[in-house]
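**Q** Mind having a look at this structure? Questions to follow.
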Amino acid sequence: MPGGARAQSGNGLTNLIDSIFSGPNAATPPQAATGGDGTAPPWSGEDGASGHPLMTAVAIRQAASDFPNCLAAMWPDAARRNITRENFERFTAGLTPDLRIMDLMDSQPEFTKAIWDYLDILVSDARLAKGREILAKYKAQFDATEQAYGVDRYIIAAIWGIESNYSTQMGDRSVVQSTATLACIGRRQAYFKDEFLSALEILNRGDLRPEQMRGSWAGAFGPTQFMPTAFKRYAVDGDGDGRRDVVDDPSDLIASTANNLKKDGWQTGASWGYEVVLPEGFNYMLADRAKAMPLSQWEQLGLKRPNGQPFPRSSDKAYLLAPAGAAGPGFLMQQNFRVIMKYNPAEAYALAIGHFADRLRGGQPFVQPWPRQERVLSRAERLELQQLLAQRGFYKGTPDGQFGGQTREALRGFQVSIGAPADGFATAEVLERLRGR
């Protein structure tokens, strides 16, 4: 979902990968799965895992019963967006809430997947082969887009491939129904009201037909998964036919995705980043998104590319990412990596996009091995780790089993206290140390 909307509206990369693992309909979201009688599975009827008052079973049922009134109350806002009454009635006629979305909105997977597993799945030989076909088939469109926007064609092709496996796995839920449901029920109503009304604007203008606007439970649609509000901000008419069709028109799709990246700050001619080898005894406290330095300065600290090649633009600034700690490869990330993270703020996603683009360009796999022997912590273990860090005074947040920058900083503090490399990488071993075993 462009513009960071993905993280705000769903479980981001976790949902993407879970769907990939599910089989042939890989990126068709879990909600598209059917029950034994061929129907979609119903809402569980249970309280949401978030504990939000609007996600209790009672609140969901009450809001669902008021759904027709909620829809009707949005007409004045729709009118202010120049949506005709006729189209408002037409596109909302017979609309009912899809309560299964409530379970998906609050789902908390017991296990996450290691970053090397994400990369194995997303940057596959089959996907690379298809990507090269796409680049050849739509060369004219990529040429025109690169000239107009200055955005690397391989990055656009990588996003297309990873978001929808080149238009074969886009999701099959009605964007209007999904966003209407979330606009009236659950804990993100204000956010999704804007998405719902934006979806109606797209249909009212005639850029897309209702049958084209099918996608994820959160409302992302098309080969590169635009949210309706992101469509409004970034979609362009690439071939001059008067419509902005990011679903079935390759010119519009490629140009709109490039426009999104350009407006988010894409730097023409620069890389997203580089794999680097770190010297022995390196200070991992420097692996921090806030500590960007020129590539030449990182070189002075002993960081080198695995193949020994120099950095092409040594004055460019970068920050160090060590996603698997001291036991895995390091990466120097530049401005374009930050731009990819605006598209989706999961580091694993952004790394996969950058690496996939390099492979499409003819680059090689990462050189250094991942610590594949490390076991991924369960959600209960992640929660326990945060609680133990809090008990020792390192973690100041509310333990929730979700690891972010605050947990990483707390973990580094503990690692420093025991004389271990302060890489912020949560392993079973560091959890045992916290337990005092």
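Labels for the structure tokens follow display order: chains A, B, ..., residues from 1 in each chain, ligands from 1.
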Leaving out stretch 251-267 of chain A and any residue of its chain fewer than 6 positions from it, which residues lie within 10 Å of it when counting only C-alpha atoms, given as a ChimeraX atom specification?
**A** /A:2-3,138,140-142,144-146,148-153,155-157,159-160,222-226,230-231,233-241,243-245,334-343
**Q** Find the residues around stretch 190-206 of chain A up to 7 Å (only C-alpha atoms counted), leave out those fewer than 6 positions away in its own chain, and share them as a ChimeraX atom specification.
**A** /A:78,83,87,176,179-180,182-183,228-229
**Q** Just want the 12 Å neighbourhood of stretch 384-397 of chain A, counted on only C-alpha atoms, with same-chain residues fewer than 4 positions away dropped. Output as JSON, numbers by chain.
**A** {"A": [377, 378, 379, 380, 401, 402, 403, 404, 405, 406, 407, 408, 409, 410, 411, 412, 413, 414, 415, 416, 417, 425, 426, 427, 428, 429, 430, 431, 432, 433, 434, 435, 436]}
**Q** List every residue of stretch 75-209 of chain A that DSSP, applied to the backbone, labels as alpha helix (DSSP H), and write the result as an NGL selection string.
**A** :A and (75-80 or 85-92 or 100-105 or 115-122 or 125-137 or 139-149 or 153-164 or 175-184 or 189-205)
**Q** Got a sec: who's within 12 Å of stretch 56-65 of chain A, counting only C-alpha atoms, leaving out chain neighbours fewer than 4 positions off, as a PyMOL selection string?
**A** chain A and resi 43-52+69-71+95-103+106+180-187+189
**Q** Please determine, counting only C-alpha atoms, which residue among A:Pro210, A:Asp248, A:Leu128, A:Gly281 has the shortest atom-to-atom distance to A:Ile353.
**A**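 Ranking A:Pro210, A:Asp248, A:Leu128, A:Gly281 by distance to A:Ile353, first place goes to A:Leu128.
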**Q** Give me the residues near A:Glu275 as a PyMOL selection string, where near means some atom within 12 Å (using only C-alpha atoms) and where sequence neighbours in that chain fewer than 5 positions away do not count.
**A** chain A and resi 303-311+318-323+328-334+351+354-355+358+363-369
